[in-house]
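File shown: structure-v4.txt (compact mmCIF, C-alpha atoms).
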```txt
# COMPACT_ATOMS: atom_id res chain seq x y z
CA MET A 1 17.87 14.92 0.25
CA ILE A 2 16.89 12.93 -2.84
CA SER A 3 18.40 14.83 -5.76
CA GLN A 4 16.35 16.84 -8.23
CA GLU A 5 18.06 14.90 -11.01
CA TYR A 6 16.67 11.64 -9.61
CA LEU A 7 13.20 13.19 -9.35
CA ASP A 8 13.37 14.47 -12.91
CA ARG A 9 14.25 10.98 -14.18
CA ALA A 10 11.39 9.50 -12.19
CA LEU A 11 8.92 12.10 -13.44
CA ALA A 12 9.94 11.34 -17.01
CA LEU A 13 8.78 7.75 -16.42
CA ALA A 14 5.44 8.73 -14.89
CA THR A 15 2.43 8.18 -17.10
CA ASP A 16 0.01 10.58 -15.39
CA THR A 17 1.87 13.09 -13.23
CA LYS A 18 3.79 15.70 -15.19
CA VAL A 19 4.48 18.31 -12.50
CA PHE A 20 5.90 17.68 -9.05
CA ILE A 21 7.03 20.53 -6.81
CA MET A 22 8.29 19.85 -3.29
CA GLU A 23 9.74 22.85 -1.46
CA ALA A 24 9.09 25.28 1.38
CA GLY A 25 6.58 27.93 0.37
CA ALA A 26 5.26 25.87 -2.54
CA LEU A 27 1.65 26.91 -1.83
CA ALA A 28 2.47 30.20 -3.53
CA LYS A 29 3.18 28.30 -6.77
CA VAL A 30 -0.25 26.67 -7.00
CA PRO A 31 -1.82 29.50 -9.07
CA SER A 32 0.89 29.45 -11.73
CA VAL A 33 0.88 25.63 -11.88
CA PHE A 34 -2.90 25.64 -12.24
CA LYS A 35 -2.97 28.27 -14.96
CA GLU A 36 -0.20 26.57 -16.94
CA ASN A 37 -1.68 23.07 -16.78
CA PHE A 38 -5.41 23.85 -16.81
CA PRO A 39 -5.62 26.96 -19.02
CA GLY A 40 -9.00 28.65 -19.05
CA ARG A 41 -10.54 26.25 -16.52
CA LYS A 42 -12.32 27.02 -13.28
CA ALA A 43 -10.92 25.65 -10.04
CA ILE A 44 -12.68 24.21 -7.03
CA VAL A 45 -10.67 23.67 -3.86
CA ILE A 46 -11.77 20.45 -2.14
CA ALA A 47 -10.74 20.21 1.51
CA ASP A 48 -12.01 19.46 5.00
CA CYS A 49 -12.20 21.77 8.00
CA ASN A 50 -8.64 20.94 9.09
CA THR A 51 -6.91 21.02 5.71
CA TRP A 52 -8.78 24.22 4.80
CA ARG A 53 -7.17 25.85 7.81
CA VAL A 54 -3.61 24.60 7.19
CA ALA A 55 -3.48 25.08 3.41
CA GLY A 56 -6.84 25.19 1.66
CA GLU A 57 -7.73 28.80 2.39
CA ALA A 58 -4.27 29.95 1.32
CA VAL A 59 -4.60 28.00 -1.94
CA PHE A 60 -8.08 29.44 -2.53
CA ASN A 61 -6.94 33.02 -1.89
CA GLY A 62 -3.85 32.53 -4.05
CA LEU A 63 -5.93 31.33 -6.98
CA LYS A 64 -8.44 34.14 -6.51
CA ASP A 65 -5.73 36.80 -6.29
CA ALA A 66 -4.16 35.39 -9.47
CA GLY A 67 -7.41 35.97 -11.34
CA ALA A 68 -8.62 32.38 -11.51
CA THR A 69 -12.32 31.60 -11.25
CA VAL A 70 -12.35 29.58 -8.06
CA SER A 71 -14.84 28.16 -5.57
CA HIS A 72 -14.42 25.77 -2.67
CA PHE A 73 -16.14 22.82 -1.04
CA LEU A 74 -15.43 21.46 2.42
CA ILE A 75 -16.40 17.90 3.34
CA PRO A 76 -19.13 18.56 5.91
CA ASP A 77 -18.31 15.69 8.29
CA GLU A 78 -15.59 15.94 10.91
CA HIS A 79 -14.74 12.24 10.63
CA PHE A 80 -14.94 10.69 7.17
CA HIS A 81 -13.18 8.01 5.17
CA ALA A 82 -12.61 6.98 1.58
CA GLU A 83 -16.11 5.65 1.04
CA TRP A 84 -18.39 5.70 -1.98
CA PRO A 85 -20.93 8.29 -0.71
CA TYR A 86 -18.11 10.83 -0.44
CA VAL A 87 -17.02 10.06 -4.01
CA GLU A 88 -20.55 10.88 -5.12
CA MET A 89 -20.51 14.04 -2.97
CA VAL A 90 -17.30 15.35 -4.54
CA GLU A 91 -18.35 14.31 -8.03
CA ALA A 92 -21.57 16.30 -7.66
CA GLN A 93 -19.54 19.39 -6.75
CA LEU A 94 -17.28 18.98 -9.78
CA LYS A 95 -20.28 18.56 -12.09
CA SER A 96 -22.21 21.53 -10.76
CA SER A 97 -19.20 23.84 -10.80
CA GLY A 98 -17.72 22.64 -14.08
CA ALA A 99 -14.35 23.04 -12.39
CA ILE A 100 -11.06 21.20 -12.00
CA ALA A 101 -10.52 19.73 -8.54
CA VAL A 102 -7.70 21.12 -6.44
CA ALA A 103 -7.44 18.46 -3.75
CA VAL A 104 -6.05 19.95 -0.53
CA GLY A 105 -5.59 17.31 2.13
CA SER A 106 -4.21 13.90 2.88
CA GLY A 107 -4.89 10.52 1.27
CA VAL A 108 -8.66 10.43 1.64
CA ILE A 109 -9.32 13.83 0.03
CA ASN A 110 -6.93 12.91 -2.76
CA ASP A 111 -8.58 9.56 -3.48
CA LEU A 112 -12.05 11.13 -3.51
CA CYS A 113 -10.92 13.77 -6.00
CA LYS A 114 -8.95 11.24 -8.03
CA LEU A 115 -11.87 8.89 -8.66
CA SER A 116 -14.44 11.70 -9.05
CA SER A 117 -12.26 13.44 -11.62
CA HIS A 118 -11.78 10.18 -13.48
CA HIS A 119 -15.54 9.65 -13.65
CA LEU A 120 -15.79 13.03 -15.36
CA GLY A 121 -12.86 12.37 -17.67
CA GLN A 122 -10.73 15.22 -16.41
CA PRO A 123 -7.36 15.64 -14.65
CA TYR A 124 -6.85 17.38 -11.33
CA LEU A 125 -4.24 19.02 -9.10
CA CYS A 126 -3.18 17.73 -5.69
CA VAL A 127 -1.87 19.81 -2.77
CA PRO A 128 -0.88 17.28 -0.07
CA THR A 129 -0.87 18.25 3.60
CA ALA A 130 0.90 15.27 5.17
CA ALA A 131 3.43 12.56 4.33
CA SER A 132 0.87 9.96 5.38
CA VAL A 133 0.32 7.64 2.37
CA ASP A 134 1.73 6.81 -1.06
CA GLY A 135 -1.62 7.29 -2.75
CA TYR A 136 -1.11 10.91 -3.78
CA SER A 137 0.75 9.92 -6.93
CA SER A 138 -0.56 6.38 -7.35
CA PHE A 139 -2.51 5.01 -10.26
CA GLY A 140 -5.79 4.02 -8.66
CA ALA A 141 -7.93 5.04 -5.68
CA SER A 142 -8.62 2.86 -2.66
CA ILE A 143 -12.31 3.26 -1.82
CA SER A 144 -14.77 1.27 0.29
CA TYR A 145 -17.67 0.26 -1.94
CA GLN A 146 -20.52 -2.04 -0.88
CA GLY A 147 -18.56 -3.09 2.20
CA LEU A 148 -15.39 -3.95 0.30
CA LYS A 149 -12.13 -1.98 0.22
CA GLN A 150 -11.42 -1.85 -3.50
CA THR A 151 -8.80 -0.24 -5.70
CA PHE A 152 -10.48 1.54 -8.61
CA GLU A 153 -8.34 2.19 -11.64
CA CYS A 154 -7.96 5.91 -12.27
CA PRO A 155 -5.11 8.26 -13.20
CA ALA A 156 -2.93 10.01 -10.66
CA PRO A 157 -3.01 13.82 -10.47
CA LEU A 158 -1.55 15.74 -13.37
CA ALA A 159 0.25 18.01 -10.92
CA ILE A 160 1.36 17.72 -7.29
CA VAL A 161 2.44 20.81 -5.37
CA ALA A 162 3.71 19.96 -1.88
CA ASP A 163 4.77 22.62 0.60
CA ALA A 164 7.61 21.19 2.69
CA SER A 165 6.73 23.41 5.65
CA VAL A 166 3.11 22.24 5.69
CA ILE A 167 4.12 18.59 5.31
CA ALA A 168 6.69 18.80 8.13
CA GLU A 169 4.15 20.35 10.50
CA ALA A 170 1.53 17.65 10.00
CA PRO A 171 0.51 15.64 13.07
CA LYS A 172 3.28 13.22 13.98
CA HIS A 173 1.00 10.19 13.86
CA MET A 174 0.25 10.94 10.20
CA THR A 175 3.95 11.14 9.36
CA ALA A 176 4.55 7.88 11.25
CA ALA A 177 1.76 6.28 9.22
CA GLY A 178 3.42 7.41 6.00
CA TYR A 179 6.74 5.99 7.16
CA ALA A 180 5.08 2.62 7.83
CA ASP A 181 3.32 2.69 4.45
CA LEU A 182 6.67 3.27 2.74
CA ALA A 183 8.43 0.59 4.82
CA ALA A 184 5.85 -1.93 3.60
CA LYS A 185 7.55 -1.78 0.19
CA ILE A 186 10.44 -3.79 1.68
CA PRO A 187 8.60 -7.13 2.19
CA CYS A 188 6.29 -6.25 -0.71
CA GLY A 189 9.34 -6.16 -2.97
CA ALA A 190 10.41 -9.61 -1.82
CA GLU A 191 6.96 -10.99 -2.61
CA TRP A 192 7.14 -9.41 -6.06
CA MET A 193 10.42 -11.30 -6.50
CA ILE A 194 8.53 -14.54 -5.77
CA ALA A 195 5.83 -13.64 -8.30
CA ASP A 196 8.56 -12.85 -10.82
CA LEU A 197 10.18 -16.24 -10.20
CA PHE A 198 6.82 -17.94 -10.75
CA GLY A 199 6.26 -15.95 -13.94
CA THR A 200 2.89 -14.58 -12.82
CA GLU A 201 3.86 -10.90 -12.48
CA PRO A 202 7.32 -10.22 -13.89
CA ILE A 203 9.26 -7.39 -12.30
CA ILE A 204 9.07 -4.20 -14.36
CA PRO A 205 12.60 -2.75 -14.08
CA ASP A 206 11.63 0.94 -14.23
CA ALA A 207 8.89 0.49 -11.65
CA TRP A 208 11.22 -1.51 -9.41
CA HIS A 209 14.23 0.79 -9.50
CA VAL A 210 12.45 4.14 -9.26
CA LEU A 211 11.26 3.11 -5.79
CA GLN A 212 13.47 0.35 -4.42
CA ASP A 213 16.72 2.18 -5.17
CA VAL A 214 15.93 4.90 -2.61
CA LEU A 215 14.05 2.96 0.09
CA ASP A 216 16.99 2.21 2.36
CA LYS A 217 18.08 5.85 2.30
CA VAL A 218 14.64 7.26 3.05
CA LEU A 219 13.98 4.78 5.88
CA SER A 220 17.43 5.14 7.44
CA ASN A 221 16.76 8.12 9.74
CA PRO A 222 13.55 7.52 11.70
CA GLU A 223 14.80 9.77 14.50
CA ALA A 224 14.81 12.79 12.19
CA VAL A 225 11.41 11.86 10.77
CA ALA A 226 9.99 11.55 14.29
CA ALA A 227 11.45 14.95 15.20
CA GLY A 228 9.73 16.57 12.21
CA ASP A 229 13.02 17.50 10.53
CA LYS A 230 12.00 19.23 7.31
CA ASP A 231 14.58 17.51 5.10
CA ALA A 232 13.84 14.04 6.51
CA VAL A 233 10.08 14.47 6.19
CA SER A 234 10.51 15.89 2.69
CA ASP A 235 12.52 12.81 1.70
CA LEU A 236 9.80 10.63 3.19
CA PHE A 237 7.17 12.42 1.13
CA ILE A 238 9.31 12.11 -1.99
CA GLY A 239 9.72 8.39 -1.29
CA LEU A 240 5.95 8.03 -1.03
CA THR A 241 5.58 9.96 -4.28
CA LEU A 242 8.07 7.66 -5.99
CA SER A 243 6.02 4.71 -4.78
CA GLY A 244 3.02 6.18 -6.54
CA ILE A 245 5.05 6.79 -9.68
CA ALA A 246 6.14 3.14 -9.62
CA MET A 247 2.45 2.22 -9.61
CA GLN A 248 1.84 4.57 -12.52
CA ILE A 249 4.59 2.83 -14.48
CA ALA A 250 3.23 -0.62 -13.66
CA ARG A 251 -0.43 0.45 -14.03
CA SER A 252 -0.89 -1.63 -10.90
CA SER A 253 -0.28 -1.51 -7.15
CA ARG A 254 2.10 -4.48 -7.48
CA PRO A 255 5.27 -2.40 -6.79
CA ALA A 256 3.85 -1.09 -3.51
CA SER A 257 1.34 -3.53 -2.06
CA CYS A 258 1.14 -7.22 -1.28
CA THR A 259 0.27 -9.26 1.81
CA ASP A 260 1.39 -6.43 4.10
CA HIS A 261 -1.56 -4.34 2.85
CA LEU A 262 -4.07 -7.18 2.96
CA PHE A 263 -4.03 -7.18 6.76
CA SER A 264 -5.17 -3.56 6.52
CA HIS A 265 -7.84 -4.41 3.95
CA TYR A 266 -9.14 -7.18 6.22
CA LEU A 267 -9.44 -4.75 9.13
CA ASP A 268 -11.17 -2.18 6.91
CA MET A 269 -13.67 -4.71 5.58
CA THR A 270 -14.50 -6.00 9.04
CA GLY A 271 -15.00 -2.47 10.39
CA HIS A 272 -12.26 -2.80 12.99
CA ARG A 273 -12.07 0.02 15.52
CA TYR A 274 -9.83 0.71 18.48
CA LYS A 275 -11.13 2.91 21.28
CA GLY A 276 -14.06 3.69 19.00
CA GLU A 277 -11.88 4.92 16.13
CA LEU A 278 -11.02 3.44 12.76
CA GLN A 279 -7.26 3.05 12.53
CA SER A 280 -5.21 4.75 9.83
CA HIS A 281 -4.12 2.85 6.75
CA GLY A 282 -0.45 3.29 7.64
CA PHE A 283 -0.86 2.04 11.20
CA GLN A 284 -2.70 -1.06 10.03
CA VAL A 285 -0.10 -1.65 7.33
CA ALA A 286 2.64 -1.37 9.98
CA ILE A 287 1.35 -4.53 11.66
CA GLY A 288 1.01 -6.31 8.32
CA THR A 289 4.55 -5.30 7.42
CA LEU A 290 5.98 -6.57 10.69
CA THR A 291 4.09 -9.84 10.26
CA MET A 292 5.54 -10.33 6.79
CA CYS A 293 9.05 -9.52 8.02
CA ALA A 294 8.57 -12.20 10.69
CA PHE A 295 7.38 -14.67 8.04
CA PHE A 296 10.44 -13.94 5.92
CA ASP A 297 12.71 -14.37 8.96
CA GLU A 298 11.41 -17.90 9.43
CA PHE A 299 11.20 -18.65 5.71
CA LEU A 300 14.86 -17.78 5.23
CA LYS A 301 15.91 -20.20 7.97
CA MET A 302 14.59 -23.09 5.86
CA ASP A 303 16.62 -25.23 3.49
CA LEU A 304 14.42 -25.53 0.43
CA THR A 305 17.05 -27.49 -1.48
CA LYS A 306 15.59 -30.44 0.44
CA ILE A 307 12.01 -29.88 -0.60
CA ASP A 308 10.29 -33.02 -1.93
CA VAL A 309 8.77 -31.68 -5.13
CA ASP A 310 7.07 -34.96 -6.08
CA ARG A 311 5.39 -35.19 -2.67
CA CYS A 312 4.22 -31.60 -2.85
CA VAL A 313 2.82 -32.04 -6.35
CA ALA A 314 1.03 -35.28 -5.37
CA ALA A 315 -0.62 -33.50 -2.45
CA TRP A 316 -1.56 -30.37 -4.40
CA PRO A 317 -5.33 -29.77 -4.32
CA THR A 318 -7.48 -29.37 -7.41
CA LEU A 319 -9.04 -26.06 -8.34
CA GLU A 320 -12.41 -27.24 -7.09
CA GLU A 321 -10.90 -28.23 -3.74
CA GLU A 322 -9.29 -24.80 -3.42
CA ARG A 323 -12.53 -23.07 -4.36
CA SER A 324 -14.36 -25.09 -1.72
CA ARG A 325 -11.75 -24.15 0.87
CA ALA A 326 -12.13 -20.48 -0.06
CA LEU A 327 -15.91 -20.59 0.14
CA GLU A 328 -15.78 -22.21 3.57
CA LEU A 329 -13.19 -19.75 4.89
CA PHE A 330 -15.05 -16.67 3.62
CA ARG A 331 -18.54 -18.03 4.37
CA ASP A 332 -19.34 -15.37 7.00
CA PHE A 333 -17.15 -12.63 5.53
CA VAL A 334 -18.55 -9.38 4.14
CA SER A 335 -17.76 -10.72 0.65
CA PRO A 336 -18.27 -14.51 0.74
CA ARG A 337 -16.95 -15.01 -2.82
CA LEU A 338 -13.81 -12.92 -2.45
CA GLY A 339 -11.47 -15.85 -1.82
CA TYR A 340 -13.25 -17.98 -4.45
CA ASP A 341 -12.76 -15.33 -7.12
CA SER A 342 -9.12 -14.75 -6.19
CA ILE A 343 -8.11 -18.41 -6.18
CA SER A 344 -9.93 -18.91 -9.48
CA VAL A 345 -7.51 -16.41 -11.03
CA LYS A 346 -4.24 -17.35 -9.35
CA TYR A 347 -4.65 -21.11 -9.09
CA ALA A 348 -1.85 -23.12 -10.70
CA ASP A 349 -2.29 -26.74 -11.69
CA ALA A 350 -0.03 -29.50 -10.41
CA GLU A 351 2.42 -29.36 -13.30
CA ALA A 352 2.79 -25.59 -13.00
CA VAL A 353 3.45 -26.06 -9.27
CA ARG A 354 6.10 -28.64 -10.15
CA VAL A 355 7.87 -26.11 -12.36
CA GLN A 356 7.65 -23.39 -9.70
CA LEU A 357 8.92 -25.56 -6.83
CA THR A 358 11.71 -26.97 -8.99
CA LYS A 359 12.92 -23.43 -9.63
CA VAL A 360 12.85 -22.70 -5.91
CA LYS A 361 14.71 -25.91 -5.05
CA GLU A 362 17.39 -25.54 -7.69
CA GLN A 363 17.96 -21.81 -7.12
CA TRP A 364 17.44 -21.69 -3.35
CA PRO A 365 20.95 -20.61 -2.21
CA GLU A 366 20.93 -17.64 -4.59
CA LEU A 367 17.25 -16.87 -3.95
CA ARG A 368 17.78 -16.88 -0.20
CA ARG A 369 20.71 -14.48 -0.59
CA LYS A 370 18.60 -12.09 -2.68
CA TYR A 371 15.63 -12.22 -0.31
CA ARG A 372 17.91 -11.55 2.67
CA GLU A 373 19.32 -8.51 0.90
CA GLN A 374 15.81 -7.24 0.23
CA VAL A 375 13.91 -7.84 3.47
CA TYR A 376 14.49 -6.23 6.86
CA THR A 377 14.38 -8.55 9.83
CA PHE A 378 11.39 -8.34 12.15
CA GLU A 379 13.65 -6.98 14.87
CA LYS A 380 15.03 -4.20 12.65
CA MET A 381 11.62 -3.17 11.32
CA GLN A 382 10.10 -3.19 14.80
CA ARG A 383 12.92 -0.97 16.07
CA LEU A 384 12.40 1.52 13.23
CA PHE A 385 8.67 1.69 13.92
CA ARG A 386 9.20 2.25 17.62
CA ILE A 387 11.52 5.17 16.90
CA VAL A 388 9.27 6.81 14.34
CA GLY A 389 6.10 6.34 16.40
CA ALA A 390 4.33 3.72 14.28
CA PRO A 391 2.72 0.66 15.90
CA SER A 392 5.24 -2.03 16.81
CA ASP A 393 2.74 -4.44 18.36
CA PRO A 394 -0.79 -5.36 17.23
CA SER A 395 -2.20 -4.34 20.60
CA GLU A 396 -1.41 -0.73 19.69
CA ILE A 397 -4.21 -0.82 17.11
CA GLY A 398 -6.48 -2.99 19.24
CA VAL A 399 -5.69 -6.36 17.65
CA THR A 400 -4.73 -9.41 19.69
CA ARG A 401 -2.13 -11.86 18.46
CA GLU A 402 -4.85 -14.52 18.20
CA GLN A 403 -6.88 -12.22 15.95
CA LEU A 404 -3.84 -11.43 13.83
CA LYS A 405 -3.07 -15.12 13.39
CA ALA A 406 -6.67 -15.75 12.33
CA MET A 407 -6.28 -13.16 9.55
CA VAL A 408 -3.41 -15.00 7.88
CA PRO A 409 -5.43 -17.51 5.80
CA PHE A 410 -7.65 -14.67 4.58
CA THR A 411 -4.68 -12.62 3.42
CA GLN A 412 -3.41 -15.56 1.38
CA LEU A 413 -6.67 -15.59 -0.57
CA MET A 414 -7.91 -12.00 -0.61
CA ARG A 415 -6.16 -11.02 -3.83
CA HIS A 416 -5.10 -12.88 -6.95
CA ARG A 417 -1.54 -11.65 -6.41
CA ILE A 418 1.05 -14.37 -5.70
CA ASN A 419 2.57 -14.01 -2.23
CA LEU A 420 4.88 -15.78 0.22
CA LEU A 421 1.95 -17.72 1.69
CA ASP A 422 1.16 -19.14 -1.76
CA LEU A 423 4.71 -20.45 -1.97
CA ALA A 424 4.39 -21.90 1.52
CA ARG A 425 1.22 -23.78 0.58
CA ARG A 426 2.84 -25.14 -2.57
CA GLY A 427 5.90 -26.29 -0.62
CA MET A 428 3.82 -27.79 2.24
CA PHE A 429 5.44 -25.63 4.90
CA TYR A 430 2.56 -23.18 5.44
CA ASP A 431 1.57 -24.57 8.86
CA GLU A 432 5.21 -24.72 9.94
CA LEU A 433 5.71 -21.10 8.90
CA VAL A 434 2.63 -19.81 10.72
CA GLU A 435 3.50 -21.72 13.89
CA ALA A 436 7.07 -20.43 13.78
CA VAL A 437 5.82 -16.84 13.73
CA PHE A 438 2.89 -17.12 16.12
CA GLY A 439 4.04 -19.97 18.34
CA PRO A 440 5.52 -19.65 21.84
CA ASP A 441 8.96 -18.69 20.50
CA GLY A 442 7.87 -16.73 17.44
CA ALA A 443 8.00 -12.99 16.74
CA TRP A 444 4.29 -12.60 17.46
CA LYS A 445 4.11 -14.68 20.63
CA ILE A 446 0.61 -15.80 21.51
CA LYS A 447 -0.13 -14.81 25.10
```
Can I see the file as structure tokens?
Amino acid sequence: MISQEYLDRALALATDTKVFIMEAGALAKVPSVFKENFPGRKAIVIADCNTWRVAGEAVFNGLKDAGATVSHFLIPDEHFHAEWPYVEMVEAQLKSSGAIAVAVGSGVINDLCKLSSHHLGQPYLCVPTAASVDGYSSFGASISYQGLKQTFECPAPLAIVADASVIAEAPKHMTAAGYADLAAKIPCGAEWMIADLFGTEPIIPDAWHVLQDVLDKVLSNPEAVAAGDKDAVSDLFIGLTLSGIAMQIARSSRPASCTDHLFSHYLDMTGHRYKGELQSHGFQVAIGTLTMCAFFDEFLKMDLTKIDVDRCVAAWPTLEEERSRALELFRDFVSPRLGYDSISVKYADAEAVRVQLTKVKEQWPELRRKYREQVYTFEKMQRLFRIVGAPSDPSEIGVTREQLKAMVPFTQLMRHRINLLDLARRGMFYDELVEAVFGPDGAWKIK
């Protein structure tokens, strides 16, 4: 288990979350945590029909028995997602009740309460029911608004009370999704290292270490996670919580999300379904994570000490050329200007590219060593996902390899965050990299 001392140090760095309890029977502590942190306030338990049954009713009764003024609201739809109408629905309940939200559920319920509470300028309490995402403790809520999956800036919960027994008994596919979401921080970290090298988003040491220092340990026992072992699932949930705390420290999703997540965002924005169902965030991220591990496998085979910097700089497109490329690529997308807006922010002129590529060329042996230490191979990550029950092939979420390959240029341009694909375009090995991964001998073999 991750030590309490480590958790206490992490919590001291958090900007929003001041209370974190993770233990068996923790539901019984919700009333005292609420009274101590929200003195004199009413409570409203926000849940759905499933989370009400597994934890919400117990939380409601506990608050009532403790003398708190408490009401409850259940999301009326059986199937719902983190979409704007539900934010408005929850916000209306908070306004009419004048109460503090007690979010009882998984990532969607939490994000709805997080953004609604922020709109009203008040904190809230979170009671998670599954180790399914890292969003419980993250700064920001991921919500679909006007057809776009967007991250809205808003504080994390003031208090998180997680019952280890409830978390361990969550559906196995939800736990597998959480494992995949946490594993995404491996290639994401390597891409942050690239952004740090380029000087666009320097690594924030506290945000880096609070999460990256425990990743290998938490991911090392997928068998126990798959079996629902309480200690292993508790460590997984703590790892996800630390990911959120890293985002609080950075005031950004940079420590926890890069190209791996953009494959998921693409699928969300295009309304992708498999067997009639939207796929979970973690399952979509699993395929993005594997793809990025495959890209790093091929990238690290290259000898970038031989890169022709002058040739790359001479061929580098102008901002207007890049904007035109983005507009053409996104022409029929739900947000035609998404790529245009992103490239307008992260574009570097030719001389800046010269500086960046010169750093890569001169430091390549040491950089390659560091990236290899950071990133899991495709084979290793795929094996972990197979054991834990997360998707290990795009077909498992209804995506063909051809469709996955077609997403790659979109992911390079969907966010103004520097990624491995940006480096590949600067170094003129983008096409080579994509073909190595998706070609006849690549990790994602086109059939």
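In terms of minimum interatomic distance to A:Ala10, A:Thr241 ranks closest within A:Thr151, A:Gln279, A:Thr241, A:Asn221, counting all atoms listed in the file.
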Sorted by chain and rising residue number, list the residues of stretch 236-264 of chain A at most 12 Å from stretch 161-168 of chain A (counting only C-alpha atoms), each with its closest atom pair and distance in Å to one decimal, as CSV.
```
residue,atom,partner,partner_atom,distance
A:Leu236,CA,A:Ile167,CA,10.0
A:Phe237,CA,A:Ile167,CA,8.1
A:Ile238,CA,A:Ala162,CA,9.6
A:Thr241,CA,A:Ala162,CA,10.5
```
Determine, for each residue of stretch 102-221 of chain A having at least one atom at most 12 Å from an atom of stretch 379-387 of chain A, the closest pair of atoms and their separation in Å to one decimal, counting only C-alpha atoms; order by chain and ascending number, as CSV.
```
residue,atom,partner,partner_atom,distance
A:Lys172,CA,A:Ile387,CA,11.9
A:His173,CA,A:Phe385,CA,11.4
A:Thr175,CA,A:Phe385,CA,11.5
A:Ala176,CA,A:Phe385,CA,7.9
A:Ala177,CA,A:Phe385,CA,9.5
A:Gly178,CA,A:Phe385,CA,11.1
A:Tyr179,CA,A:Phe385,CA,8.2
A:Ala180,CA,A:Phe385,CA,7.1
A:Asp181,CA,A:Phe385,CA,10.9
A:Leu182,CA,A:Phe385,CA,11.5
A:Ala183,CA,A:Met381,CA,8.2
A:Ala184,CA,A:Met381,CA,9.7
A:Lys185,CA,A:Met381,CA,11.9
A:Ile186,CA,A:Met381,CA,9.7
A:Pro187,CA,A:Met381,CA,10.4
A:Asp216,CA,A:Met381,CA,11.8
A:Val218,CA,A:Leu384,CA,11.9
A:Leu219,CA,A:Leu384,CA,8.2
A:Ser220,CA,A:Leu384,CA,8.5
A:Asn221,CA,A:Leu384,CA,8.6
```
Practice task
Rank A:Gln363, A:Ala130, A:Ala68, A:Glu201 by their smallest atom-to-atom distance to A:Phe34, using only C-alpha atoms, and report the top residue only.
Solution key: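 Ranked by minimum distance to A:Phe34, first place goes to A:Ala68.
Using all atoms listed in the file, the shortest contact distance between A:Val70 and any of A:Ile204, A:Ile287, A:Leu94, A:Cys293 is found at A:Leu94.
Separating atom CA of A:Ser132 from atom CA of A:Gly282 is a distance of 7.2 Å.
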Practice task
Considering only C-alpha atoms, state which residue in the set A:Gly228, A:Phe139, A:Pro155, A:Ile249 is at the smallest distance from A:Leu11.
Solution key: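 Smallest distance to A:Leu11 is found for A:Ile249.
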Handout entry: Long-range neighbours of A:Ala246 as JSON, numbers by chain, 9 Å cut-off, only C-alpha atoms, 5 positions minimum in chain
Key = {"A": [10, 13, 14, 138, 139, 206, 207, 208, 209, 210, 211, 241, 251, 252, 253, 254, 255, 256]}
Could you write out as AutoDock Vina command-line options the box around stretch 83-95 of chain A (axis-aligned, all atoms listed in the file, 5 Å on each side), with centre and edge lengths in Å to one decimal?
```
--center_x -18.8 --center_y 12.5 --center_z -5.5 --size_x 15.5 --size_y 23.7 --size_z 23.1
```
Exercise for the section: Name all residues at most 10 Å from stretch 420-424 of chain A (count all atoms listed in the file; drop same-chain ones fewer than 3 positions away) and give them as a ChimeraX atom specification. Expected result: /A:187-188,190-195,198,258-259,292,295-296,299,346-347,353,356-357,360,408-409,411-413,417,427-434
For C-alpha atoms, I'd like the residues from the last selection saved as a short mmCIF file (atom, residue, chain, number, x, y, z; two decimals), keeping the file's coordinate frame.
```cif
data_model
loop_
_atom_site.label_atom_id
_atom_site.label_comp_id
_atom_site.auth_asym_id
_atom_site.auth_seq_id
_atom_site.Cartn_x
_atom_site.Cartn_y
_atom_site.Cartn_z
CA PRO A 187 8.60 -7.13 2.19
CA CYS A 188 6.29 -6.25 -0.71
CA ALA A 190 10.41 -9.61 -1.82
CA GLU A 191 6.96 -10.99 -2.61
CA TRP A 192 7.14 -9.41 -6.06
CA MET A 193 10.42 -11.30 -6.50
CA ILE A 194 8.53 -14.54 -5.77
CA ALA A 195 5.83 -13.64 -8.30
CA PHE A 198 6.82 -17.94 -10.75
CA CYS A 258 1.14 -7.22 -1.28
CA THR A 259 0.27 -9.26 1.81
CA MET A 292 5.54 -10.33 6.79
CA PHE A 295 7.38 -14.67 8.04
CA PHE A 296 10.44 -13.94 5.92
CA PHE A 299 11.20 -18.65 5.71
CA LYS A 346 -4.24 -17.35 -9.35
CA TYR A 347 -4.65 -21.11 -9.09
CA VAL A 353 3.45 -26.06 -9.27
CA GLN A 356 7.65 -23.39 -9.70
CA LEU A 357 8.92 -25.56 -6.83
CA VAL A 360 12.85 -22.70 -5.91
CA VAL A 408 -3.41 -15.00 7.88
CA PRO A 409 -5.43 -17.51 5.80
CA THR A 411 -4.68 -12.62 3.42
CA GLN A 412 -3.41 -15.56 1.38
CA LEU A 413 -6.67 -15.59 -0.57
CA ARG A 417 -1.54 -11.65 -6.41
CA GLY A 427 5.90 -26.29 -0.62
CA MET A 428 3.82 -27.79 2.24
CA PHE A 429 5.44 -25.63 4.90
CA TYR A 430 2.56 -23.18 5.44
CA ASP A 431 1.57 -24.57 8.86
CA GLU A 432 5.21 -24.72 9.94
CA LEU A 433 5.71 -21.10 8.90
CA VAL A 434 2.63 -19.81 10.72
#
```
Practice task
Grab the atom CA of A:Ile343 to atom CA of A:Leu304 distance for me, in Å with one decimal place.
Solution key: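 Computing it gives 24.5 Å between the two atoms.
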Practice task
Quick one: everything within 7 Å of A:Pro31, counting all atoms listed in the file, minus sequence neighbours fewer than 2 positions away in the same chain. Send it as a list in words.
Solution key: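 Listing them by chain and then by number gives Lys29, Val33, Phe34, Lys35, Gly62, Leu63 and Ala66 of chain A.
Of the residues listed (A:Phe438, A:Asp349, A:Thr270, A:Ala103), A:Thr270 shows the shortest atom-to-atom separation from A:Phe333; distances use all atoms listed in the file.
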